[in-house]
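Asks: Below are the structure tokens for one structure; questions will follow.
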Amino acid sequence: MNALTSPLLEIRELTTAFAGEHGTLPVVDGVNLRLAPGECVGIVGESGCGKSAVAMSAVRLLPRPSGRILAGQALFRGQDLLALPSRQLNSIRGAHIGVIFQEALQALNPVQRIGQQIAEPLMLHLGMSEEEALQRARELLEAVRIPAPALRAREYPHSLSGGMRQRVMIAIALACRPDLIIADEPTTALDTTVQQQVLALLREQRRESGAATLLISHHLGVIAQNCDVVYVMYAGRVVECAPAGELFAHPRHAYTRALLAATIRPDMPHHSLLPGIPGNVPAPHEYATGCRFCQRMGRPAPLGPQRPPCEEVAPEHFVELCPACCDMEMTD
Ligand SMILES: Nc1ncnc2c1ncn2[C@@H]1O[C@H](COP(=O)(O)OP(=O)(O)OP(=O)(O)O)[C@@H](O)[C@H]1O
Ligand SMILES: [Mg+2]
């Protein structure tokens with residue numbers, strides 16, 4: 001994002017914790033993220049790195065009672081969503097921010113007809129009559145390419161396929177023409193062909209509505225195909241972020257490089273083995289205070305218990321600069 005553009009969403013120094021058997025432990029540790037109007041920003045990282053915790057903190061949809069925001073701000077058009085009274089937050093969330101979750105079946109109401117579920121936010125936030133809202137719901141189902149929308153609108157979620165349910169979620173998220181869509185692994189539960197269709201639909205809808213998107217995925221291919229800017233998360237921290245082209249051309253952090261090396265590319269020879277990343281993402285009670293990727297690699301962190309500083313190594317390209325994980329020579 002151009003430094004002069006004012007962000008639509010700005011997450012500042014976010015720290016989020018979950019209560020568990022080891023106490024209340026931060027799983028998001030001082031995360032900063034900016035998203036400009038109309039932009040698609042991706043968060044990528046292995047499972048358990050805190051991607052969902054960041055997104056769900058920003059809109060205060062963390063699982064209760066275990067999830068807690070300990071510090072930080074989530075400014076939506078300059079207004080801190082983390083400090084707003086619930087009523088104000090609900091009206092912003094419904095009307096201006098659409099959320100698409102990984103598991104449509106869990107997010108949809110099993111005992112409410114699909115048309116009604118799409119119509120509800122239209123009545124609540126845009127003041128439409130029930131008749132108008134149901135008509136709009138059928139149009140939205142058509143826009144997300146659900147065949148026979150008038151019939152489908154009268155059905156319940158369980159009678160639809162996984163791909164169709166995900167389309168219904170997109171229709172609900174887009175219903176009020178939000179300025180921001182948060183899509184948390186919107187296609188992970190779907191098979192590859194349906195995944196591509198749903199992502200294409202999301203792109204098309206974004207183009208039409210101009211909505212900004214925060215797209216979360218552990219799949220770098222999905223991120224590369226869709227995002228203008230990429231944030232790489234490891235063990236609760238952003239270790240690198242940059243415009244997508246810059247990040248893929250000049251990855252600077254060893255974790256980003258390892259993720260890239262572990263991704264299938266079309267130019268790879270047949271039967272080539274993908275190098276995996278050794279070890280596992282540590283659990284939050286094991287997190288080191290210093291460089292967590294050195295911890296993963298089983299090497300001493302050069303900066304000891306000190307968190308590596310986050311520095312801008314190229315325009316809009318920020319890296320957590322650990323001397324063992326980054327190519328320090330290029331920083332001059
Ligand atoms: N409800 C919960 N209670 C306790 N700990 C949780 C809960 N949800 C997530 N966590 C922990 O918080 C950390 C971050 O989880 P999060 O779901 O944000 O990761 P993620 O990057 O979204 O992973 P995935 O790719 O699997 O969705 C993990 O260590 C996870 O075990
Ligand atoms: Mg997640």
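Chain lettering (A, B, ...) mirrors the order of the structure tokens, residue numbering begins at 1 for each chain separately, and ligand numbering begins at 1 in order of display.
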Near stretch 108-114 of chain A, within 8 Å and counting only C-alpha atoms, which residues show up once chain neighbours fewer than 6 positions away are dropped, as an NGL selection string?

Replies: :A and (152-158 or 168-169)

Asks: Any chance you can output those residues with N, CA, C and O atoms as a compact mmCIF listing (two decimals), in the first residue's frame?

Replies:
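Output file result.txt is given in full below:
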# COMPACT_ATOMS: atom_id res chain seq x y z
N ARG A 152 -33.78 -23.06 -4.51
CA ARG A 152 -32.73 -23.23 -3.49
C ARG A 152 -32.97 -22.33 -2.28
O ARG A 152 -32.65 -22.70 -1.15
N ALA A 153 -33.49 -21.13 -2.54
CA ALA A 153 -33.72 -20.18 -1.44
C ALA A 153 -34.63 -20.77 -0.37
O ALA A 153 -34.57 -20.38 0.79
N ARG A 154 -35.48 -21.74 -0.80
CA ARG A 154 -36.42 -22.31 0.18
C ARG A 154 -35.86 -23.55 0.87
O ARG A 154 -36.51 -24.15 1.71
N GLU A 155 -34.63 -23.93 0.51
CA GLU A 155 -34.04 -25.13 1.12
C GLU A 155 -33.22 -24.80 2.37
O GLU A 155 -32.93 -23.64 2.65
N TYR A 156 -32.83 -25.87 3.06
CA TYR A 156 -32.00 -25.72 4.27
C TYR A 156 -30.55 -26.11 3.93
O TYR A 156 -30.31 -26.88 2.99
N PRO A 157 -29.57 -25.59 4.71
CA PRO A 157 -28.16 -25.82 4.35
C PRO A 157 -27.79 -27.29 4.11
O PRO A 157 -27.01 -27.60 3.20
N HIS A 158 -28.35 -28.22 4.91
CA HIS A 158 -27.89 -29.62 4.79
C HIS A 158 -28.20 -30.23 3.43
O HIS A 158 -27.58 -31.20 3.02
N VAL A 168 -23.21 -19.96 -0.78
CA VAL A 168 -24.25 -19.29 0.02
C VAL A 168 -23.57 -18.34 1.03
O VAL A 168 -24.00 -17.19 1.22
N MET A 169 -22.46 -18.81 1.63
CA MET A 169 -21.73 -17.95 2.59
C MET A 169 -21.22 -16.70 1.90
O MET A 169 -21.23 -15.61 2.47

Asks: Within 10 Å of ligand 2, which residues show up when you count only C-alpha atoms and all ligand atoms? List them as a list in words, please.

Replies: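 What falls inside 10 Å of ligand 2 is Val44, Gly45, Glu46, Ser47, Gly48, Cys49, Gly50, Lys51, Ser52, Ala53, Val54, Ala55, Met56, Phe101, Gln102, Asp184, Glu185, Ile216, Ser217 and His218 of chain A.
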
Asks: Can you list, as a count of residues only, every residue of stretch 123-274 of chain A that DSSP puts in strand (DSSP E)?

Replies: 24

Asks: Within 6 Å of stretch 27-41 of chain A, counting only C-alpha atoms, which residues show up once you throw out same-chain ones fewer than 3 positions away? Write them as a list of chain:residue names, please.

Replies: A:Pro7, A:Leu8, A:Leu9, A:Glu10, A:Ile11, A:Arg12, A:Glu13, A:Leu14, A:Thr15, A:Thr16, A:Ala17, A:Gly50, A:Gly210, A:Ala211, A:Ala212, A:Thr213, A:Leu214, A:Cys227, A:Asp228, A:Val229, A:Val230, A:Gly236, A:Arg237, A:Pro284

Asks: Produce a file of the selected residues containing N, CA, C and O atoms, as a short mmCIF file (atom, residue, chain, number, x, y, z; two decimals), in the first residue's frame.

Replies:
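part.cif written:
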data_model
loop_
_atom_site.label_atom_id
_atom_site.label_comp_id
_atom_site.auth_asym_id
_atom_site.auth_seq_id
_atom_site.Cartn_x
_atom_site.Cartn_y
_atom_site.Cartn_z
N PRO A 7 -5.49 3.64 5.27
CA PRO A 7 -5.95 2.25 5.25
C PRO A 7 -7.43 2.12 5.58
O PRO A 7 -8.01 2.95 6.27
N LEU A 8 -8.03 1.05 5.04
CA LEU A 8 -9.41 0.72 5.40
C LEU A 8 -9.39 0.01 6.75
O LEU A 8 -10.18 0.30 7.64
N LEU A 9 -8.44 -0.92 6.87
CA LEU A 9 -8.27 -1.64 8.14
C LEU A 9 -6.81 -1.55 8.53
O LEU A 9 -5.92 -1.78 7.71
N GLU A 10 -6.59 -1.20 9.78
CA GLU A 10 -5.22 -1.18 10.28
C GLU A 10 -5.18 -1.87 11.63
O GLU A 10 -5.80 -1.42 12.60
N ILE A 11 -4.47 -2.99 11.66
CA ILE A 11 -4.31 -3.72 12.92
C ILE A 11 -2.97 -3.27 13.51
O ILE A 11 -1.96 -3.30 12.83
N ARG A 12 -3.03 -2.83 14.77
CA ARG A 12 -1.81 -2.32 15.40
C ARG A 12 -1.48 -3.11 16.64
O ARG A 12 -2.32 -3.19 17.56
N GLU A 13 -0.28 -3.66 16.66
CA GLU A 13 0.28 -4.30 17.86
C GLU A 13 -0.73 -5.23 18.55
O GLU A 13 -0.90 -5.19 19.76
N LEU A 14 -1.38 -6.06 17.74
CA LEU A 14 -2.40 -6.95 18.28
C LEU A 14 -1.78 -8.13 19.04
O LEU A 14 -0.90 -8.81 18.53
N THR A 15 -2.25 -8.33 20.26
CA THR A 15 -1.84 -9.51 21.03
C THR A 15 -3.10 -10.20 21.53
O THR A 15 -3.94 -9.58 22.19
N THR A 16 -3.24 -11.46 21.14
CA THR A 16 -4.43 -12.24 21.49
C THR A 16 -4.00 -13.52 22.18
O THR A 16 -3.01 -14.13 21.78
N ALA A 17 -4.76 -13.91 23.19
CA ALA A 17 -4.39 -15.13 23.94
C ALA A 17 -5.57 -16.09 24.01
O ALA A 17 -6.73 -15.69 23.85
N GLY A 50 -1.62 -18.74 13.88
CA GLY A 50 -2.38 -17.62 14.41
C GLY A 50 -3.10 -16.78 13.37
O GLY A 50 -3.57 -15.69 13.66
N GLY A 210 -15.70 -3.92 -5.70
CA GLY A 210 -14.58 -3.11 -5.25
C GLY A 210 -14.24 -3.33 -3.78
O GLY A 210 -13.49 -2.54 -3.18
N ALA A 211 -14.77 -4.41 -3.19
CA ALA A 211 -14.50 -4.64 -1.77
C ALA A 211 -13.05 -5.06 -1.55
O ALA A 211 -12.47 -5.77 -2.36
N ALA A 212 -12.48 -4.59 -0.44
CA ALA A 212 -11.15 -5.06 -0.05
C ALA A 212 -11.31 -6.44 0.57
O ALA A 212 -12.39 -6.78 1.06
N THR A 213 -10.25 -7.25 0.51
CA THR A 213 -10.36 -8.62 1.04
C THR A 213 -9.16 -8.97 1.88
O THR A 213 -8.02 -8.69 1.49
N LEU A 214 -9.43 -9.59 3.01
CA LEU A 214 -8.37 -10.21 3.81
C LEU A 214 -8.54 -11.71 3.62
O LEU A 214 -9.53 -12.29 4.06
N CYS A 227 -3.69 -12.30 -4.21
CA CYS A 227 -3.40 -11.17 -3.30
C CYS A 227 -2.45 -10.13 -3.88
O CYS A 227 -1.55 -10.45 -4.63
N ASP A 228 -2.67 -8.88 -3.47
CA ASP A 228 -1.77 -7.79 -3.85
C ASP A 228 -0.61 -7.70 -2.86
O ASP A 228 0.50 -7.35 -3.22
N VAL A 229 -0.89 -8.01 -1.61
CA VAL A 229 0.10 -7.90 -0.54
C VAL A 229 0.01 -9.17 0.29
O VAL A 229 -1.08 -9.71 0.48
N VAL A 230 1.16 -9.66 0.75
CA VAL A 230 1.16 -10.91 1.51
C VAL A 230 1.84 -10.73 2.87
O VAL A 230 2.92 -10.13 2.95
N GLY A 236 2.64 -17.04 15.67
CA GLY A 236 2.01 -15.88 16.29
C GLY A 236 2.55 -14.53 15.87
O GLY A 236 2.08 -13.50 16.35
N ARG A 237 3.57 -14.52 15.00
CA ARG A 237 4.16 -13.25 14.59
C ARG A 237 4.19 -13.12 13.06
O ARG A 237 4.31 -14.14 12.37
N PRO A 284 1.86 -22.79 21.71
CA PRO A 284 2.07 -21.47 22.34
C PRO A 284 2.85 -21.52 23.66
O PRO A 284 3.62 -20.61 23.94
#

Asks: In Å, rounded to a single decimal, give me how far atom CA of A:Ile100 is from atom CA of A:Ala137.

Replies: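 Atom CA of A:Ile100 lies at a distance of 16.7 Å from atom CA of A:Ala137.
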
Asks: List as a PyMOL selection string the protein and nucleic acid residues near A:Arg93, meaning an atom at most 9 Å away when only C-alpha atoms are counted, but skip any in the same chain fewer than 6 places from it.

Replies: chain A and resi 59+99+178

Asks: Store the residues of this selection in a file with N, CA and C atoms, as a CSV table (one decimal), in the first residue's frame.

Replies:
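And here's selection.csv as it stands now:
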chain,number,residue,atom,x,y,z
A,59,VAL,N,-12.4,-8.6,14.2
A,59,VAL,CA,-13.8,-8.4,14.2
A,59,VAL,C,-14.5,-8.9,15.4
A,99,VAL,N,-18.0,-11.7,6.5
A,99,VAL,CA,-17.0,-12.7,6.9
A,99,VAL,C,-17.4,-14.1,6.3
A,178,PRO,N,-20.4,-5.1,1.4
A,178,PRO,CA,-19.4,-4.6,2.4
A,178,PRO,C,-18.2,-4.0,1.7

Asks: Nearest to A:Gly127 among A:Leu303, A:Leu201, A:Cys322, A:Ala95, with distances taken over only C-alpha atoms: which residue is it?

Replies: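 Result for the nearest residue to A:Gly127: A:Ala95.
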
Asks: Residues within 7 Å of stretch 187-197 of chain A, please, as an NGL selection string. Count only C-alpha atoms; anything in the same chain fewer than 5 positions from it doesn't count.

Replies: :A and (102-103 or 162-163)

Asks: Could you save the residues just selected, with C-alpha atoms, as a compact mmCIF listing (two decimals), in the first residue's frame?

Replies:
# COMPACT_ATOMS: atom_id res chain seq x y z
CA GLN A 102 -13.78 -22.15 6.55
CA GLU A 103 -16.67 -24.42 7.46
CA GLY A 162 -20.13 -28.24 0.24
CA GLY A 163 -19.35 -26.03 -2.75

Asks: So which bits of stretch 58-252 of chain A end up alpha helix (DSSP H) when you DSSP the backbone, as a ChimeraX atom specification?

Replies: /A:58,86-96,104-107,114-126,130-143,149-152,162-174,192-209,220-226,244-249
